[in-house]
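Structure file data.pdb (PDB, C-alpha atoms) follows.
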```pdb
ATOM      1  CA  MET A  24       0.791  -8.325 -11.747
ATOM      2  CA  ASN A  25       4.394  -8.389 -10.534
ATOM      3  CA  ILE A  26       5.205  -7.757  -6.868
ATOM      4  CA  GLU A  27       8.361  -5.677  -6.475
ATOM      5  CA  ALA A  28       8.192  -5.023  -2.728
ATOM      6  CA  ILE A  29       6.119  -5.964   0.318
ATOM      7  CA  PHE A  30       5.934  -3.741   3.398
ATOM      8  CA  ILE A  31       4.404  -4.194   6.846
ATOM      9  CA  SER A  32       4.568  -2.114  10.010
ATOM     10  CA  PRO A  33       3.590  -2.988  13.578
ATOM     11  CA  GLY A  34       2.217   0.479  14.336
ATOM     12  CA  HIS A  35       0.554   3.571  12.922
ATOM     13  CA  ASN A  36       2.627   6.625  12.077
ATOM     14  CA  TYR A  37      -0.210   8.794  10.751
ATOM     15  CA  VAL A  38      -3.563   7.348  11.880
ATOM     16  CA  GLY A  39      -4.468   9.047  15.147
ATOM     17  CA  HIS A  40      -1.622  11.568  14.904
ATOM     18  CA  HIS A  41      -3.537  14.554  13.489
ATOM     19  CA  GLY A  42      -2.108  17.763  14.921
ATOM     20  CA  GLN A  43       0.901  15.891  16.341
ATOM     21  CA  PRO A  44       4.185  14.660  14.919
ATOM     22  CA  SER A  45       4.034  11.443  12.930
ATOM     23  CA  GLY A  46       4.820   8.205  14.724
ATOM     24  CA  THR A  47       8.155   6.441  14.565
ATOM     25  CA  HIS A  48       7.126   2.871  13.734
ATOM     26  CA  ALA A  49       9.507   1.495  11.133
ATOM     27  CA  ILE A  50       8.135  -0.049   7.985
ATOM     28  CA  GLU A  51       9.666  -3.437   7.307
ATOM     29  CA  SER A  52      10.433  -4.777   3.850
ATOM     30  CA  VAL A  53       9.675  -8.519   3.715
ATOM     31  CA  GLU A  54      10.006 -11.198   1.035
ATOM     32  CA  SER A  55       6.590 -12.690   1.781
ATOM     33  CA  VAL A  56       3.501 -11.980   3.833
ATOM     34  CA  GLU A  57       0.599 -14.093   5.076
ATOM     35  CA  CYS A  58      -2.820 -12.856   3.926
ATOM     36  CA  VAL A  59      -5.646 -13.857   6.294
ATOM     37  CA  ALA A  60      -9.163 -13.638   4.835
ATOM     38  CA  GLY A  61     -11.236 -10.903   6.454
ATOM     39  CA  ARG A  62      -8.447  -9.961   8.875
ATOM     40  CA  GLY A  63      -5.467  -8.488   7.006
ATOM     41  CA  LEU A  64      -1.756  -9.146   6.785
ATOM     42  CA  ARG A  65      -0.244 -11.007   9.706
ATOM     43  CA  GLY A  66       2.204  -8.674  11.454
ATOM     44  CA  ASP A  67       0.779  -5.457   9.992
ATOM     45  CA  ARG A  68      -0.804  -2.574  11.936
ATOM     46  CA  PHE A  69      -4.205  -3.099  10.256
ATOM     47  CA  PHE A  70      -4.448  -6.828  11.115
ATOM     48  CA  ASP A  71      -7.833  -7.280  12.872
ATOM     49  CA  HIS A  72      -8.290  -3.476  12.781
ATOM     50  CA  LYS A  73     -12.088  -3.766  12.540
ATOM     51  CA  PRO A  74     -14.610  -6.029  10.773
ATOM     52  CA  ASP A  75     -14.795  -5.602   6.983
ATOM     53  CA  TYR A  76     -12.106  -2.912   7.035
ATOM     54  CA  PRO A  77     -11.652  -1.962   3.340
ATOM     55  CA  GLY A  78      -7.873  -1.548   3.680
ATOM     56  CA  GLN A  79      -6.939  -5.021   4.911
ATOM     57  CA  ILE A  80      -4.217  -4.809   2.259
ATOM     58  CA  THR A  81      -3.075  -1.880   0.130
ATOM     59  CA  PHE A  82      -1.418  -1.923  -3.279
ATOM     60  CA  PHE A  83       0.657   0.814  -4.907
ATOM     61  CA  ALA A  84       2.017   0.944  -8.464
ATOM     62  CA  ALA A  85       5.769   1.213  -9.016
ATOM     63  CA  GLU A  86       5.005   3.148 -12.203
ATOM     64  CA  VAL A  87       3.204   5.841 -10.161
ATOM     65  CA  HIS A  88       6.109   5.993  -7.711
ATOM     66  CA  GLU A  89       8.597   6.502 -10.547
ATOM     67  CA  HIS A  90       6.403   9.150 -12.212
ATOM     68  CA  LEU A  91       6.053  11.048  -8.912
ATOM     69  CA  GLN A  92       9.838  11.016  -8.442
ATOM     70  CA  ARG A  93      10.333  12.528 -11.905
ATOM     71  CA  SER A  94       7.486  15.042 -11.560
ATOM     72  CA  LEU A  95       8.591  16.345  -8.158
ATOM     73  CA  LYS A  96      12.292  16.014  -9.029
ATOM     74  CA  LEU A  97      13.014  13.760  -6.060
ATOM     75  CA  PRO A  98      16.466  12.205  -6.302
ATOM     76  CA  VAL A  99      15.611   9.530  -3.736
ATOM     77  CA  ALA A 100      12.148   8.665  -2.512
ATOM     78  CA  PRO A 101      11.726   5.230  -0.979
ATOM     79  CA  ALA A 102       8.580   3.363  -2.046
ATOM     80  CA  SER A 103       8.017   2.533   1.620
ATOM     81  CA  ALA A 104       7.240   6.225   2.325
ATOM     82  CA  TYR A 105       3.646   5.760   1.093
ATOM     83  CA  ARG A 106       3.096   3.086   3.763
ATOM     84  CA  ARG A 107       1.223   0.867   1.292
ATOM     85  CA  ASN A 108       1.737  -2.883   1.624
ATOM     86  CA  VAL A 109       2.419  -4.192  -1.875
ATOM     87  CA  LEU A 110       4.384  -2.408  -4.604
ATOM     88  CA  THR A 111       3.155  -3.712  -7.966
ATOM     89  CA  ARG A 112       4.126  -3.383 -11.596
ATOM     90  CA  GLY A 113       2.146  -4.059 -14.749
ATOM     91  CA  VAL A 114      -1.463  -3.341 -13.743
ATOM     92  CA  ASP A 115      -3.639  -0.234 -13.510
ATOM     93  CA  LEU A 116      -4.790  -0.655  -9.912
ATOM     94  CA  MET A 117      -7.735   1.738 -10.289
ATOM     95  CA  THR A 118      -9.346  -0.710 -12.767
ATOM     96  CA  LEU A 119      -9.646  -3.214  -9.887
ATOM     97  CA  ILE A 120     -11.998  -1.055  -7.793
ATOM     98  CA  GLY A 121     -15.254  -2.957  -7.303
ATOM     99  CA  ARG A 122     -13.804  -6.149  -8.783
ATOM    100  CA  GLU A 123     -12.526  -9.431  -7.435
ATOM    101  CA  PHE A 124      -9.026 -10.367  -8.562
ATOM    102  CA  THR A 125      -6.419 -12.998  -7.755
ATOM    103  CA  VAL A 126      -2.711 -12.560  -7.128
ATOM    104  CA  GLN A 127      -0.524 -15.626  -6.584
ATOM    105  CA  GLY A 128      -3.598 -17.695  -5.740
ATOM    106  CA  VAL A 129      -4.955 -15.243  -3.124
ATOM    107  CA  ARG A 130      -8.341 -13.639  -3.850
ATOM    108  CA  PHE A 131      -9.039  -9.961  -3.177
ATOM    109  CA  ARG A 132     -11.822  -7.418  -3.767
ATOM    110  CA  GLY A 133     -10.765  -3.907  -4.749
ATOM    111  CA  MET A 134     -12.613  -1.501  -2.471
ATOM    112  CA  GLY A 135     -11.405   1.953  -3.467
ATOM    113  CA  GLU A 136      -8.540   4.348  -3.820
ATOM    114  CA  CYS A 137      -6.128   4.571  -0.924
ATOM    115  CA  LYS A 138      -6.442   8.334  -0.903
ATOM    116  CA  PRO A 139      -3.344  10.312  -0.032
ATOM    117  CA  CYS A 140      -3.406  12.586   2.981
ATOM    118  CA  TYR A 141      -1.483  15.692   3.991
ATOM    119  CA  TRP A 142       1.208  13.521   5.581
ATOM    120  CA  MET A 143       2.480  12.691   2.078
ATOM    121  CA  ASP A 144       3.882  16.233   1.795
ATOM    122  CA  GLN A 145       5.961  15.524   4.901
ATOM    123  CA  ALA A 146       6.919  11.929   4.061
ATOM    124  CA  LEU A 147       7.905  12.656   0.434
ATOM    125  CA  ALA A 148       7.944  16.322  -0.580
ATOM    126  CA  PRO A 149       5.664  19.369  -0.732
ATOM    127  CA  GLY A 150       3.084  18.807  -3.460
ATOM    128  CA  ALA A 151       3.030  14.999  -3.093
ATOM    129  CA  GLU A 152      -0.498  14.875  -1.638
ATOM    130  CA  GLN A 153      -1.966  16.868  -4.523
ATOM    131  CA  TRP A 154       0.066  14.970  -7.154
ATOM    132  CA  LEU A 155      -1.151  11.622  -5.770
ATOM    133  CA  GLN A 156      -4.870  12.499  -6.009
ATOM    134  CA  GLY A 157      -6.454   9.682  -8.048
ATOM    135  CA  ARG A 158      -3.176   7.704  -7.947
ATOM    136  CA  GLY A 159      -2.824   6.897  -4.241
ATOM    137  CA  GLY A 160      -3.086   3.137  -4.545
ATOM    138  CA  LEU A 161      -5.772   0.524  -3.980
ATOM    139  CA  ARG A 162      -7.445  -0.617  -0.761
ATOM    140  CA  ALA A 163      -8.666  -4.192  -0.838
ATOM    141  CA  LEU A 164     -10.372  -6.860   1.208
ATOM    142  CA  ILE A 165      -8.664 -10.228   1.519
ATOM    143  CA  LEU A 166     -11.122 -12.939   0.444
ATOM    144  CA  SER A 167      -8.962 -16.059   0.827
ATOM    145  CA  ASP A 168      -5.990 -17.122   2.906
ATOM    146  CA  GLY A 169      -2.605 -17.410   1.266
ATOM    147  CA  CYS A 170       0.864 -16.003   0.968
ATOM    148  CA  LEU A 171       2.179 -13.270  -1.324
ATOM    149  CA  ARG A 172       5.831 -13.362  -2.338
ATOM    150  CA  LEU A 173       8.111 -11.066  -4.267
ATOM    151  CA  THR A 174       8.067 -11.831  -7.975
ATOM    152  CA  ALA A 175      11.415 -12.993  -9.280
ATOM    153  CA  PRO A 176      12.927 -10.382 -11.587
ATOM    154  CA  SER A 177      12.780 -11.427 -15.244
TER     155      SER A 177
END
```

As structure tokens - that is how I would like this structure written.
Amino acid sequence: MNIEAIFISPGHNYVGHHGQPSGTHAIESVESVECVAGRGLRGDRFFDHKPDYPGQITFFAAEVHEHLQRSLKLPVAPASAYRRNVLTRGVDLMTLIGREFTVQGVRFRGMGECKPCYWMDQALAPGAEQWLQGRGGLRALILSDGCLRLTAPS
């Protein structure tokens, strides 16, 4: 699995905003992030969110992002718009649901799809929520401490 981008945000833009405008917390692109077992990503809005929270880290496939851009004819759609933490390439993330896996020495357990919500139509384009059904990314638990870094381009 290659890591093309890593994103964290100090606050929630969508959680708790139902019926209101989205929040304005910026999402930050970082070169590395500290994974803390059972707690989340240091510096991210879901760090210590609640015990055994299944979305301590989220993964999203670059291939899905590129396919969505073509399908919805989006000239520019930043990968950060999904508000997932790790943009990957080279693995079908849905095959990791219910499995333990290791990335750069850090162990994770795939917990389920990071299902898209209606905010995706606002953040990306109308139709994005429906298009992303079954392709919204992977929620995972962090099972061991460690650091994830961007993969050097080959």

Is it possible to get the axis-aligned box enclosing segment 120-123 of chain A (all listed atoms, 4 Å extra per side) as AutoDock Vina command-line options, with centre and edge lengths in Å rounded to one decimal?
```
--center_x -13.6 --center_y -5.2 --center_z -8.0 --size_x 11.3 --size_y 16.4 --size_z 9.5
```

Enumerate, as a PyMOL selection string, the residues matched when the PyMOL selection byres ((chain A and resi 31) around 12) is run on the file above. chain A and resi 28-30+32-35+48-58+63-70+79-82+103-110

A:Ala102, A:Ala60, A:Met117, A:Leu164 ranked by distance to His90 of chain A, top pick (using all atoms listed in the file): A:Ala102

Show me, as number ranges by chain, the residues that have an atom within 12 Å of Thr125 of chain A when counting all atoms listed in the file, minus same-chain residues fewer than 3 positions from it. A: 24, 119, 122, 128-133, 163-171

Find the residue from A:Ala100, A:Val114, A:Leu161, A:Leu173 that sits nearest to Met143 of chain A; use all atoms listed in the file when measuring.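 Of the candidates, the smallest distance to Met143 of chain A is held by A:Ala100.
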
Hey, what comes out of the PyMOL selection byres ((chain A and resi 136) around 6) on this file? Could you write it as a tab-separated table (two decimals) with C-alpha atoms, keeping the file's coordinate frame?
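expr.tsv was written with the following content:
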```
chain	number	residue	atom	x	y	z
A	135	GLY	CA	-11.40	1.95	-3.47
A	137	CYS	CA	-6.13	4.57	-0.92
A	138	LYS	CA	-6.44	8.33	-0.90
A	160	GLY	CA	-3.09	3.14	-4.54
A	161	LEU	CA	-5.77	0.52	-3.98
A	162	ARG	CA	-7.44	-0.62	-0.76
```

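For the set A:Glu89, A:Asp115, A:Asp71, A:Trp154, the residue with the smallest atom-to-atom gap to Val59 of chain A is A:Asp71, counting only C-alpha atoms.
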
One decimal place gives the atom CA of Ala175 of chain A-atom CA of Ala85 of chain A separation as 15.3 Å

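Atom CA of Ala148 of chain A is found 12.7 Å from atom CA of His88 of chain A.
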
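Comparing the minimum interatomic distances between Arg112 of chain A and each of A:Val126, A:Ala84, A:Gln145, A:Gly157, counting only C-alpha atoms, we find that A:Ala84 sits nearest.
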
Residues within 8 Å of Leu95 of chain A, all atoms listed in the file, excluding chain neighbours under 3 positions, as number ranges by chain: A: 91-92, 148, 150-151

Point out the residue among A:Arg62, A:Glu86, A:Arg93, A:Ile120 with the least atom-to-atom distance to Asn25 of chain A, counting all atoms listed in the file.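 Using all atoms listed in the file, the shortest distance to Asn25 of chain A belongs to A:Glu86.
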
May I ask for the distance between atom CA of Phe83 of chain A and atom CA of Pro139 of chain A, given in Å to one decimal place? 11.4 Å

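For the residues A:Arg158, A:Tyr76, A:Ile26, A:Pro101, ranking by smallest atom-to-atom distance to Thr118 of chain A using all atoms listed in the file places A:Arg158 first.
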